[in-house]
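A.B. asks: The structure file entry27.cif (mmCIF, C-alpha atoms) is provided below.
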data_target
loop_
_atom_site.group_PDB
_atom_site.id
_atom_site.type_symbol
_atom_site.label_atom_id
_atom_site.label_comp_id
_atom_site.auth_asym_id
_atom_site.auth_seq_id
_atom_site.Cartn_x
_atom_site.Cartn_y
_atom_site.Cartn_z
ATOM 1 C CA MET D 1 0.000 0.000 0.000
ATOM 2 C CA GLN D 2 3.027 2.307 0.280
ATOM 3 C CA TYR D 3 2.901 2.661 -3.509
ATOM 4 C CA PHE D 4 -0.245 4.789 -3.315
ATOM 5 C CA LYS D 5 1.662 7.598 -1.593
ATOM 6 C CA LYS D 6 2.905 8.548 -5.068
ATOM 7 C CA PHE D 7 -0.608 9.634 -6.057
ATOM 8 C CA LYS D 8 -0.715 12.896 -4.095
ATOM 9 C CA ASN D 9 -0.845 15.172 -7.157
ATOM 10 C CA LYS D 10 -3.052 13.016 -9.368
ATOM 11 C CA LYS D 11 -6.744 13.639 -9.941
ATOM 12 C CA ILE D 12 -8.043 10.279 -8.794
ATOM 13 C CA ILE D 13 -11.312 8.368 -8.768
ATOM 14 C CA LEU D 14 -11.470 5.421 -6.376
ATOM 15 C CA SER D 15 -13.911 2.690 -7.358
ATOM 16 C CA GLY D 16 -14.673 -1.025 -7.267
ATOM 17 C CA ASN D 17 -14.613 -3.141 -4.140
ATOM 18 C CA ILE D 18 -13.436 -0.257 -1.939
ATOM 19 C CA GLN D 19 -15.090 -1.374 1.282
ATOM 20 C CA ASP D 20 -12.300 -3.918 1.847
ATOM 21 C CA GLU D 21 -9.625 -1.221 1.542
ATOM 22 C CA ILE D 22 -11.514 1.751 2.961
ATOM 23 C CA PHE D 23 -8.533 2.930 4.974
ATOM 24 C CA LEU D 24 -6.898 4.024 1.703
ATOM 25 C CA TYR D 25 -9.505 6.765 1.416
ATOM 26 C CA LEU D 26 -8.222 8.276 4.654
ATOM 27 C CA LYS D 27 -4.753 8.543 3.085
ATOM 28 C CA ILE D 28 -6.033 10.260 -0.061
ATOM 29 C CA LYS D 29 -8.699 12.448 1.522
ATOM 30 C CA LYS D 30 -8.956 14.926 -1.334
ATOM 31 C CA LYS D 31 -9.833 12.253 -3.887
ATOM 32 C CA LYS D 32 -13.261 11.464 -5.302
ATOM 33 C CA MET D 33 -14.774 8.091 -4.497
ATOM 34 C CA HIS D 34 -17.321 6.214 -6.605
ATOM 35 C CA LEU D 35 -19.239 3.537 -4.725
ATOM 36 C CA GLN D 36 -21.543 0.896 -6.077
ATOM 37 C CA LYS D 37 -21.729 -0.938 -2.761
ATOM 38 C CA CYS D 38 -21.156 0.425 0.696
ATOM 39 C CA TYR D 39 -20.629 -1.445 3.947
ATOM 40 C CA ASN D 40 -19.294 1.555 5.841
ATOM 41 C CA ASN D 41 -22.007 3.871 7.163
ATOM 42 C CA GLU D 42 -19.653 6.739 7.991
ATOM 43 C CA ILE D 43 -18.752 7.543 4.402
ATOM 44 C CA ILE D 44 -22.402 8.055 3.435
ATOM 45 C CA ASN D 45 -23.034 10.579 6.211
ATOM 46 C CA ASN D 46 -22.725 14.355 5.808
ATOM 47 C CA LYS D 47 -19.051 14.448 6.773
ATOM 48 C CA PHE D 48 -18.001 12.677 3.559
ATOM 49 C CA LYS D 49 -21.058 13.103 1.344
ATOM 50 C CA LYS D 50 -19.547 15.695 -1.021
ATOM 51 C CA LYS D 51 -16.689 13.339 -1.866
ATOM 52 C CA ILE D 52 -18.892 10.335 -2.606
ATOM 53 C CA CYS D 53 -20.588 9.406 -5.857
ATOM 54 C CA PHE D 54 -22.951 6.621 -4.763
ATOM 55 C CA ARG D 55 -24.588 5.622 -8.009
ATOM 56 C CA ILE D 56 -24.054 2.940 -10.605
ATOM 57 C CA PHE D 57 -23.755 5.334 -13.547
ATOM 58 C CA PRO D 58 -21.950 8.569 -12.656
ATOM 59 C CA ARG D 59 -22.839 11.369 -15.054
ATOM 60 C CA LYS D 60 -20.326 12.041 -17.834
ATOM 61 C CA GLU D 61 -19.345 15.350 -16.207
ATOM 62 C CA PHE D 62 -18.078 13.336 -13.244
ATOM 63 C CA PHE D 63 -15.152 12.069 -15.341
ATOM 64 C CA PHE D 64 -13.985 15.348 -16.869
ATOM 65 C CA GLN D 65 -11.818 16.502 -13.969
ATOM 66 C CA TYR D 66 -10.067 13.165 -13.344
ATOM 67 C CA ASN D 67 -7.140 11.481 -15.076
ATOM 68 C CA THR D 68 -6.578 8.401 -12.910
ATOM 69 C CA LEU D 69 -8.752 5.489 -11.775
ATOM 70 C CA ILE D 70 -7.819 3.202 -8.888
ATOM 71 C CA PHE D 71 -10.080 0.190 -9.142
ATOM 72 C CA PHE D 72 -10.362 -2.414 -6.389
ATOM 73 C CA LEU D 73 -11.098 -5.778 -7.930
ATOM 74 C CA ILE D 74 -14.561 -7.345 -7.816
ATOM 75 C CA LYS D 75 -14.698 -11.131 -7.706
ATOM 76 C CA ASP D 76 -17.799 -11.489 -9.874
ATOM 77 C CA LYS D 77 -16.462 -11.326 -13.457
ATOM 78 C CA LYS D 78 -19.700 -10.067 -14.996
ATOM 79 C CA GLU D 79 -19.981 -7.281 -12.429
ATOM 80 C CA LEU D 80 -16.306 -6.415 -12.908
ATOM 81 C CA ILE D 81 -16.655 -6.147 -16.705
ATOM 82 C CA PHE D 82 -19.921 -4.217 -16.365
ATOM 83 C CA GLN D 83 -18.380 -1.580 -14.086
ATOM 84 C CA LEU D 84 -15.008 -1.224 -15.775
ATOM 85 C CA MET D 85 -16.450 -1.026 -19.289
ATOM 86 C CA TYR D 86 -18.631 1.877 -18.183
ATOM 87 C CA PHE D 87 -15.610 3.683 -16.717
ATOM 88 C CA LEU D 88 -13.437 3.015 -19.781
ATOM 89 C CA SER D 89 -16.160 4.300 -22.103
ATOM 90 C CA ASN D 90 -16.274 7.637 -20.242
ATOM 91 C CA MET D 91 -12.630 8.291 -19.362
ATOM 92 C CA ASN D 92 -10.170 9.813 -21.813
ATOM 93 C CA ILE D 93 -7.515 8.132 -23.947
ATOM 94 C CA LYS D 94 -4.175 7.872 -22.061
ATOM 95 C CA ASN D 95 -5.866 8.205 -18.656
ATOM 96 C CA GLU D 96 -4.124 5.998 -16.110
ATOM 97 C CA ILE D 97 -5.700 2.965 -14.460
ATOM 98 C CA PHE D 98 -4.464 1.048 -11.435
ATOM 99 C CA ILE D 99 -6.216 -2.216 -10.608
ATOM 100 C CA ILE D 100 -5.523 -3.901 -7.296
ATOM 101 C CA GLY D 101 -6.981 -7.130 -6.025
ATOM 102 C CA LYS D 102 -6.634 -10.511 -4.459
ATOM 103 C CA ASN D 103 -5.034 -13.189 -6.612
ATOM 104 C CA ASN D 104 -7.860 -15.637 -5.925
ATOM 105 C CA PHE D 105 -10.309 -13.088 -7.404
ATOM 106 C CA GLY D 106 -8.816 -13.726 -10.859
ATOM 107 C CA ILE D 107 -6.812 -10.506 -11.243
ATOM 108 C CA ASN D 108 -4.261 -12.169 -13.517
ATOM 109 C CA SER D 109 -6.926 -12.776 -16.187
ATOM 110 C CA LEU D 110 -7.641 -9.060 -16.697
ATOM 111 C CA ASN D 111 -5.181 -8.628 -19.567
ATOM 112 C CA ASN D 112 -7.109 -11.121 -21.665
ATOM 113 C CA ILE D 113 -10.463 -9.511 -20.855
ATOM 114 C CA PHE D 114 -9.504 -5.866 -21.491
ATOM 115 C CA LYS D 115 -6.572 -6.189 -23.925
ATOM 116 C CA GLU D 116 -8.469 -4.348 -26.686
ATOM 117 C CA TRP D 117 -8.717 -1.180 -24.548
ATOM 118 C CA ILE D 118 -5.895 -1.298 -21.954
ATOM 119 C CA ILE D 119 -2.439 -2.861 -21.828
ATOM 120 C CA LEU D 120 -1.925 -3.792 -18.185
ATOM 121 C CA LYS D 121 1.446 -4.386 -16.533
ATOM 122 C CA LYS D 122 2.033 -6.048 -13.184
ATOM 123 C CA ILE D 123 3.934 -3.543 -11.030
ATOM 124 C CA LYS D 124 3.537 -4.894 -7.496
ATOM 125 C CA TYR D 125 3.019 -8.424 -6.340
ATOM 126 C CA LYS D 126 2.581 -10.208 -3.018
ATOM 127 C CA LYS D 127 1.403 -13.684 -2.101
ATOM 128 C CA LYS D 128 -2.266 -12.716 -1.888
ATOM 129 C CA CYS D 129 -2.499 -9.440 -3.801
ATOM 130 C CA THR D 130 -1.363 -7.886 -7.112
ATOM 131 C CA LEU D 131 -1.291 -4.329 -8.470
ATOM 132 C CA TYR D 132 -1.608 -3.698 -12.230
ATOM 133 C CA TYR D 133 -1.017 -0.450 -14.111
ATOM 134 C CA GLY D 134 -2.136 0.649 -17.558
ATOM 135 C CA ARG D 135 -3.246 3.519 -19.799
ATOM 136 C CA ILE D 136 -6.440 3.593 -21.840
ATOM 137 C CA GLN D 137 -5.517 2.848 -25.474
ATOM 138 C CA LYS D 138 -9.027 2.795 -26.905
ATOM 139 C CA LYS D 139 -12.495 3.662 -25.563
ATOM 140 C CA PRO D 140 -15.096 0.894 -25.732
ATOM 141 C CA ILE D 141 -18.745 1.505 -26.596
ATOM 142 C CA PHE D 142 -20.842 0.754 -23.530
ATOM 143 C CA ILE D 143 -24.175 -0.896 -24.387
ATOM 144 C CA LEU D 144 -26.407 -1.268 -21.344
ATOM 145 C CA LYS D 145 -28.761 -3.772 -22.995
ATOM 146 C CA LYS D 146 -25.874 -6.222 -23.277
ATOM 147 C CA TYR D 147 -25.826 -6.595 -19.473
ATOM 148 C CA LEU D 148 -29.561 -6.595 -18.727
ATOM 149 C CA LYS D 149 -31.283 -9.824 -17.694
ATOM 150 C CA LYS D 150 -35.070 -10.063 -17.902
ATOM 151 C CA TYR D 151 -37.507 -12.650 -16.596
ATOM 152 C CA ASN D 152 -41.136 -12.980 -15.586
ATOM 153 C CA VAL D 153 -42.128 -14.872 -12.450
ATOM 154 C CA PHE D 154 -45.467 -14.891 -10.595
ATOM 155 C CA ASN D 155 -46.689 -12.542 -13.338
ATOM 156 C CA ILE D 156 -44.056 -10.008 -12.275
ATOM 157 C CA ASN D 157 -41.615 -8.490 -14.770
ATOM 158 C CA ILE D 158 -38.075 -8.280 -13.404
ATOM 159 C CA ILE D 159 -34.988 -6.612 -14.863
ATOM 160 C CA THR D 160 -31.585 -7.102 -13.221
ATOM 161 C CA LEU D 161 -27.975 -6.053 -13.747
ATOM 162 C CA PRO D 162 -24.617 -7.601 -12.744
ATOM 163 C CA GLY D 163 -23.968 -7.278 -9.013
ATOM 164 C CA VAL D 164 -27.634 -7.693 -8.059
ATOM 165 C CA PHE D 165 -28.547 -10.798 -6.066
ATOM 166 C CA GLY D 166 -30.301 -13.264 -8.343
ATOM 167 C CA TYR D 167 -28.820 -11.791 -11.536
ATOM 168 C CA LYS D 168 -28.124 -15.130 -13.201
ATOM 169 C CA LYS D 169 -31.551 -16.600 -12.475
ATOM 170 C CA PHE D 170 -34.530 -16.240 -10.145
ATOM 171 C CA ASP D 171 -33.248 -17.166 -6.712
ATOM 172 C CA LEU D 172 -34.656 -20.354 -5.153
ATOM 173 C CA GLY D 173 -34.589 -18.816 -1.670
ATOM 174 C CA SER D 174 -36.788 -15.938 -2.833
ATOM 175 C CA LYS D 175 -39.192 -18.394 -4.425
ATOM 176 C CA ILE D 176 -39.495 -20.351 -1.158
ATOM 177 C CA MET D 177 -39.927 -17.130 0.829
ATOM 178 C CA ILE D 178 -42.750 -16.036 -1.505
ATOM 179 C CA SER D 179 -44.495 -19.392 -1.076
ATOM 180 C CA SER D 180 -44.551 -18.924 2.715
ATOM 181 C CA PHE D 181 -47.049 -16.034 2.602
ATOM 182 C CA LYS D 182 -50.381 -17.836 2.916
ATOM 183 C CA LYS D 183 -52.075 -15.667 5.547
ATOM 184 C CA LYS D 184 -53.023 -12.035 5.025
ATOM 185 C CA ILE D 185 -50.470 -9.422 6.073
ATOM 186 C CA THR D 186 -51.131 -5.735 6.812
ATOM 187 C CA GLY D 187 -49.320 -2.544 7.695
ATOM 188 C CA LYS D 188 -45.784 -1.450 6.912
ATOM 189 C CA ILE D 189 -43.249 -3.901 5.470
ATOM 190 C CA LEU D 190 -39.457 -3.462 5.343
ATOM 191 C CA ASP D 191 -37.437 -5.487 2.816
ATOM 192 C CA ILE D 192 -33.762 -5.638 3.896
ATOM 193 C CA GLY D 193 -31.421 -6.272 0.966
ATOM 194 C CA SER D 194 -34.164 -5.826 -1.606
ATOM 195 C CA GLY D 195 -32.026 -6.764 -4.631
ATOM 196 C CA SER D 196 -34.296 -6.712 -7.684
ATOM 197 C CA GLY D 197 -37.322 -5.959 -5.455
ATOM 198 C CA ILE D 198 -39.112 -9.222 -6.265
ATOM 199 C CA LEU D 199 -40.195 -10.013 -2.669
ATOM 200 C CA SER D 200 -41.770 -6.617 -2.024
ATOM 201 C CA ILE D 201 -43.411 -6.435 -5.445
ATOM 202 C CA PHE D 202 -45.001 -9.845 -4.914
ATOM 203 C CA LEU D 203 -46.324 -8.876 -1.474
ATOM 204 C CA LYS D 204 -47.715 -5.560 -2.714
ATOM 205 C CA LYS D 205 -49.495 -7.288 -5.604
ATOM 206 C CA LYS D 206 -51.015 -9.882 -3.269
ATOM 207 C CA PHE D 207 -51.831 -7.581 -0.335
ATOM 208 C CA LYS D 208 -52.662 -4.243 -1.918
ATOM 209 C CA ASN D 209 -53.113 -2.210 1.288
ATOM 210 C CA ILE D 210 -49.611 -2.737 2.659
ATOM 211 C CA LYS D 211 -46.874 -0.092 2.485
ATOM 212 C CA ILE D 212 -43.490 -1.348 1.296
ATOM 213 C CA THR D 213 -40.004 0.023 1.960
ATOM 214 C CA LEU D 214 -37.052 -1.484 0.117
ATOM 215 C CA ILE D 215 -33.473 -0.930 1.273
ATOM 216 C CA ASP D 216 -30.062 -2.092 0.059
ATOM 217 C CA ASN D 217 -26.416 -1.035 0.273
ATOM 218 C CA ASN D 218 -25.854 -1.699 -3.429
ATOM 219 C CA SER D 219 -26.569 1.167 -5.831
ATOM 220 C CA THR D 220 -27.249 -1.259 -8.699
ATOM 221 C CA ALA D 221 -29.836 -3.110 -6.615
ATOM 222 C CA LEU D 222 -31.510 0.181 -5.685
ATOM 223 C CA LEU D 223 -31.686 1.170 -9.348
ATOM 224 C CA CYS D 224 -33.214 -2.214 -10.263
ATOM 225 C CA SER D 225 -35.697 -2.086 -7.376
ATOM 226 C CA LYS D 226 -36.895 1.379 -8.414
ATOM 227 C CA TYR D 227 -37.213 0.396 -12.049
ATOM 228 C CA ASN D 228 -39.021 -2.878 -11.285
ATOM 229 C CA LEU D 229 -41.532 -1.079 -9.062
ATOM 230 C CA LYS D 230 -42.189 1.307 -11.944
ATOM 231 C CA ILE D 231 -42.664 -1.297 -14.694
ATOM 232 C CA ASN D 232 -44.961 -3.356 -12.451
ATOM 233 C CA LYS D 233 -46.937 -0.225 -11.496
ATOM 234 C CA ILE D 234 -46.248 -0.694 -7.787
ATOM 235 C CA SER D 235 -45.806 2.147 -5.287
ATOM 236 C CA GLY D 236 -43.106 1.901 -2.651
ATOM 237 C CA CYS D 237 -40.155 3.628 -1.021
ATOM 238 C CA VAL D 238 -36.603 2.652 -2.107
ATOM 239 C CA TYR D 239 -33.408 4.025 -0.558
ATOM 240 C CA TYR D 240 -29.894 3.283 0.666
ATOM 241 C CA SER D 241 -29.412 1.719 4.070
ATOM 242 C CA ASN D 242 -26.724 -0.619 5.334
ATOM 243 C CA ILE D 243 -29.115 -2.868 7.295
ATOM 244 C CA PHE D 244 -30.692 -0.345 9.712
ATOM 245 C CA SER D 245 -28.200 2.514 9.286
ATOM 246 C CA HIS D 246 -30.778 4.861 7.697
ATOM 247 C CA ILE D 247 -34.000 3.479 9.209
ATOM 248 C CA ASN D 248 -35.903 5.809 11.562
ATOM 249 C CA GLU D 249 -39.320 4.178 11.810
ATOM 250 C CA LYS D 250 -41.049 0.959 12.874
ATOM 251 C CA PHE D 251 -42.690 -1.773 10.818
ATOM 252 C CA ASN D 252 -45.260 -4.531 11.159
ATOM 253 C CA LEU D 253 -43.141 -6.979 9.182
ATOM 254 C CA ILE D 254 -39.449 -7.156 8.317
ATOM 255 C CA ILE D 255 -38.405 -9.599 5.602
ATOM 256 C CA SER D 256 -34.968 -10.535 4.295
ATOM 257 C CA ASN D 257 -33.248 -12.981 2.002
ATOM 258 C CA PRO D 258 -29.738 -11.987 3.112
ATOM 259 C CA PRO D 259 -26.441 -12.931 1.460
ATOM 260 C CA THR D 260 -24.629 -15.645 3.406
ATOM 261 C CA HIS D 261 -21.251 -15.086 1.755
ATOM 262 C CA TYR D 262 -19.082 -12.115 0.906
ATOM 263 C CA GLY D 263 -16.275 -13.155 -1.440
ATOM 264 C CA ASN D 264 -14.879 -16.335 0.043
ATOM 265 C CA TYR D 265 -16.043 -15.499 3.548
ATOM 266 C CA ASN D 266 -19.186 -16.339 5.488
ATOM 267 C CA ASN D 267 -21.377 -13.299 5.986
ATOM 268 C CA LEU D 268 -22.990 -14.518 9.202
ATOM 269 C CA ASN D 269 -22.278 -11.222 10.946
ATOM 270 C CA ILE D 270 -24.852 -9.477 8.717
ATOM 271 C CA ILE D 271 -27.466 -12.151 9.505
ATOM 272 C CA TYR D 272 -26.852 -11.771 13.236
ATOM 273 C CA LYS D 273 -27.157 -7.972 12.974
ATOM 274 C CA ILE D 274 -30.483 -8.243 11.159
ATOM 275 C CA ILE D 275 -31.899 -10.527 13.863
ATOM 276 C CA LYS D 276 -30.380 -8.627 16.778
ATOM 277 C CA LYS D 277 -31.511 -5.145 15.681
ATOM 278 C CA SER D 278 -34.879 -5.979 14.112
ATOM 279 C CA LYS D 279 -36.650 -5.904 17.469
ATOM 280 C CA LYS D 280 -35.980 -2.171 17.787
ATOM 281 C CA TYR D 281 -37.682 -1.494 14.441
ATOM 282 C CA LEU D 282 -40.780 -3.639 14.918
ATOM 283 C CA TYR D 283 -44.107 -2.632 16.425
ATOM 284 C CA LYS D 284 -45.423 -4.765 19.273
ATOM 285 C CA ASN D 285 -46.402 -8.174 17.813
ATOM 286 C CA GLY D 286 -44.400 -7.270 14.703
ATOM 287 C CA GLU D 287 -42.826 -10.110 12.760
ATOM 288 C CA LEU D 288 -39.359 -10.845 11.396
ATOM 289 C CA ARG D 289 -39.271 -13.407 8.581
ATOM 290 C CA ILE D 290 -35.895 -14.419 7.166
ATOM 291 C CA ILE D 291 -34.761 -17.234 4.893
ATOM 292 C CA LEU D 292 -31.427 -18.960 5.482
ATOM 293 C CA HIS D 293 -29.576 -21.969 4.144
ATOM 294 C CA SER D 294 -30.238 -24.992 6.354
ATOM 295 C CA ASN D 295 -26.559 -25.277 7.338
ATOM 296 C CA ILE D 296 -26.840 -21.938 9.170
ATOM 297 C CA SER D 297 -28.390 -22.129 12.613
ATOM 298 C CA CYS D 298 -29.637 -18.956 14.308
ATOM 299 C CA LYS D 299 -31.740 -20.568 17.033
ATOM 300 C CA GLN D 300 -29.721 -19.187 19.929
ATOM 301 C CA ILE D 301 -29.710 -15.606 18.666
ATOM 302 C CA PHE D 302 -33.492 -15.700 18.047
ATOM 303 C CA ILE D 303 -34.017 -16.915 21.622
ATOM 304 C CA LYS D 304 -31.577 -14.340 23.005
ATOM 305 C CA TYR D 305 -33.193 -11.285 21.389
ATOM 306 C CA PHE D 306 -36.799 -12.348 20.756
ATOM 307 C CA GLY D 307 -37.376 -15.229 23.174
ATOM 308 C CA ASN D 308 -39.175 -17.158 20.437
ATOM 309 C CA TYR D 309 -38.823 -18.466 16.904
ATOM 310 C CA LYS D 310 -40.414 -20.927 14.538
ATOM 311 C CA ILE D 311 -39.132 -22.617 11.403
ATOM 312 C CA LEU D 312 -42.100 -21.764 9.229
ATOM 313 C CA LYS D 313 -40.996 -23.831 6.261
ATOM 314 C CA LYS D 314 -38.229 -26.237 5.252
ATOM 315 C CA LYS D 315 -37.543 -26.879 1.599
ATOM 316 C CA GLN D 316 -34.532 -27.795 -0.568
ATOM 317 C CA HIS D 317 -31.809 -26.889 1.944
ATOM 318 C CA TYR D 318 -33.555 -23.677 3.044
ATOM 319 C CA ASN D 319 -35.281 -22.771 6.308
ATOM 320 C CA ILE D 320 -37.682 -19.880 6.771
ATOM 321 C CA TYR D 321 -37.416 -18.491 10.302
ATOM 322 C CA GLN D 322 -40.283 -16.545 11.827
ATOM 323 C CA THR D 323 -40.223 -14.639 15.094
ATOM 324 C CA PHE D 324 -42.438 -12.029 16.784
ATOM 325 C CA LYS D 325 -41.799 -9.085 19.059
ATOM 326 C CA LYS D 326 -43.830 -10.019 22.110
ATOM 327 C CA ASN D 327 -42.827 -7.359 24.598
ATOM 328 C CA ILE D 328 -43.299 -3.561 24.374
#
Mind converting the file's structure to structure tokens?
C.D. replies:
Amino acid sequence: MQYFKKFKNKKIILSGNIQDEIFLYLKIKKKKMHLQKCYNNEIINNKFKKKICFRIFPRKEFFFQYNTLIFFLIKDKKELIFQLMYFLSNMNIKNEIFIIGKNNFGINSLNNIFKEWIILKKIKYKKKCTLYYGRIQKKPIFILKKYLKKYNVFNINIITLPGVFGYKKFDLGSKIMISSFKKKITGKILDIGSGSGILSIFLKKKFKNIKITLIDNNSTALLCSKYNLKINKISGCVYYSNIFSHINEKFNLIISNPPTHYGNYNNLNIIYKIIKKSKKYLYKNGELRIILHSNISCKQIFIKYFGNYKILKKKQHYNIYQTFKKNI
């Protein structure tokens, strides 16, 4: 990381999988940061807001004042290509690009993927991480339609983009969660990690009087959720929140189909936070319903914070947990 000290006088954009290397931002405080995903609440607050571009497609004007991109590698190849191709199509010829990432994320295959537009050279190498450098030789044409995936399920039209949960196909966990809603639900519903928005859209179509709020920490997911609400003619509120970081109200029902992995690591900490903090954001007798892979057990944490739980449904290696807020 000492290499980045050389960047003091460059006009830099930081992008990619920054949340793993967020400390770098503190060393280059005057630099602009583009975020697609955010796991750090502090950088979205007012203190840093002017330096953050939290959107999937920054406007073209965003790129005019910058000549260097530092991109932190994304493991998902389709998401990586999607993001970098958009940047390359908007930056200028001869602009510099530094790409840093873990070797097991496939960083050494980048030359083959982007050789038509950038010639990348390996300039720093360690056992687990590599730094590549290059200059833009040619600008690609970015075609959004090339990356869109469309499907129809439960008479709901869904459009997704790389980086959104369930991009490759309709997620089995979401399908099982949808099938668990047999009884009528009412009131305000919060969808944590909304992704494409399929869960909330289904509930709003089935129970028309409910009010839905969809949250995610992924700007691509938020864009897809908003668009899918619009094309399905569903009203709802969609905004950024890292779990409960930007939630200031209570709900009758909280639902979630949370990610269980981040990269090569288990993401159980996020699941525990959802369960632990949900009680604060539920009305009395409010319900938390969450679907998890059957190899993940959360029985003890449900008992600790709610005093009750029920496995509402078991199907194909998934369990749907249900718990209620009993006390005031």
A.B. asks: May I have the centre and edge lengths, in Å to one decimal, of an axis-aligned box around the listed atoms of segment 279-293 of chain D with 4 Å added to every side, as JSON?
C.D. replies:
{"center_x": -38.0, "center_y": -11.7, "center_z": 11.7, "size_x": 24.8, "size_y": 28.5, "size_z": 23.1}
A.B. asks: Point out the residue among D:Phe306, D:Phe63, D:Tyr318, D:Tyr167 with the least atom-to-atom distance to Ser294 of chain D, counting only C-alpha atoms.
C.D. replies: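 The closest residue to Ser294 of chain D is D:Tyr318.
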A.B. asks: Mind telling me what the PyMOL selection byres ((chain D and resi 188) around 6) catches here, as a PyMOL selection string?
C.D. replies: chain D and resi 187+189+210-211+251-252
A.B. asks: Evaluate the PyMOL selection byres ((chain D and resi 77-87) around 7) here and jot the selected residues down as a PDB file with C-alpha atoms, keeping the file's coordinate frame.
C.D. replies:
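What ended up in expr.pdb:
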ATOM      1  CA  ILE D  74     -14.561  -7.345  -7.816  1.00  0.00           C
ATOM      2  CA  LYS D  75     -14.698 -11.131  -7.706  1.00  0.00           C
ATOM      3  CA  ASP D  76     -17.799 -11.489  -9.874  1.00  0.00           C
ATOM      4  CA  LEU D  88     -13.437   3.015 -19.781  1.00  0.00           C
ATOM      5  CA  SER D  89     -16.160   4.300 -22.103  1.00  0.00           C
ATOM      6  CA  ASN D  90     -16.274   7.637 -20.242  1.00  0.00           C
ATOM      7  CA  MET D  91     -12.630   8.291 -19.362  1.00  0.00           C
ATOM      8  CA  PRO D 140     -15.096   0.894 -25.732  1.00  0.00           C
ATOM      9  CA  PHE D 142     -20.842   0.754 -23.530  1.00  0.00           C
ATOM     10  CA  PRO D 162     -24.617  -7.601 -12.744  1.00  0.00           C
ATOM     11  CA  GLY D 163     -23.968  -7.278  -9.013  1.00  0.00           C
TER      12      GLY D 163
END
A.B. asks: Suppose you want the space between atom CA of Asn228 of chain D and atom CA of Lys206 of chain D; what is it in Å?
C.D. replies: 16.0 Å
A.B. asks: Identify, on the basis of only C-alpha atoms, every residue whose closest approach to Phe302 of chain D does not exceed 10 Å; exclude the query and any residue fewer than 2 positions from it along the same chain; express the result as a PyMOL selection string.
C.D. replies: chain D and resi 272+275-276+297-300+304-310+321-324
A.B. asks: Nearest residue to Leu110 of chain D out of D:Leu312, D:Lys124, D:Asn92, D:Gly134, using all atoms listed in the file?
C.D. replies: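 The shortest atom-to-atom distance to Leu110 of chain D comes from D:Gly134.
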A.B. asks: Atom CA of Leu120 of chain D to atom CA of Tyr132 of chain D: how many Å, to one decimal?
C.D. replies: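 Computing the Euclidean distance for atom CA of Leu120 of chain D and atom CA of Tyr132 of chain D yields 6.0 Å.
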A.B. asks: Find the residues around Gly193 of chain D up to 10 Å (all atoms listed in the file counted), leave out those fewer than 4 positions away in its own chain, and share them as a PyMOL selection string.
C.D. replies: chain D and resi 164-165+197+214-218+221-222+240-243+255-259
A.B. asks: Which residues are near Lys182 of chain D? Cut-off 12 Å, all atoms listed in the file, ignore same chain within fewer than 2 positions. Put them as a list in words.
C.D. replies: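 Neighbouring residues, sequence-local ones excluded: Ile176, Met177, Ile178, Ser179, Ser180, Lys184, Ile185, Leu203, Lys206, Phe207, Leu312 and Lys313 of chain D.
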A.B. asks: Find the residue from D:Lys277, D:His317, D:Ser194, D:Asn95 that sits nearest to Phe64 of chain D; use only C-alpha atoms when measuring.
C.D. replies: D:Asn95
A.B. asks: Tell me which of D:Phe72, D:Glu61, D:Lys273, D:Leu172 sits closest to His293 of chain D, counting only C-alpha atoms.
C.D. replies: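 The answer is D:Leu172, which sits nearest to His293 of chain D.
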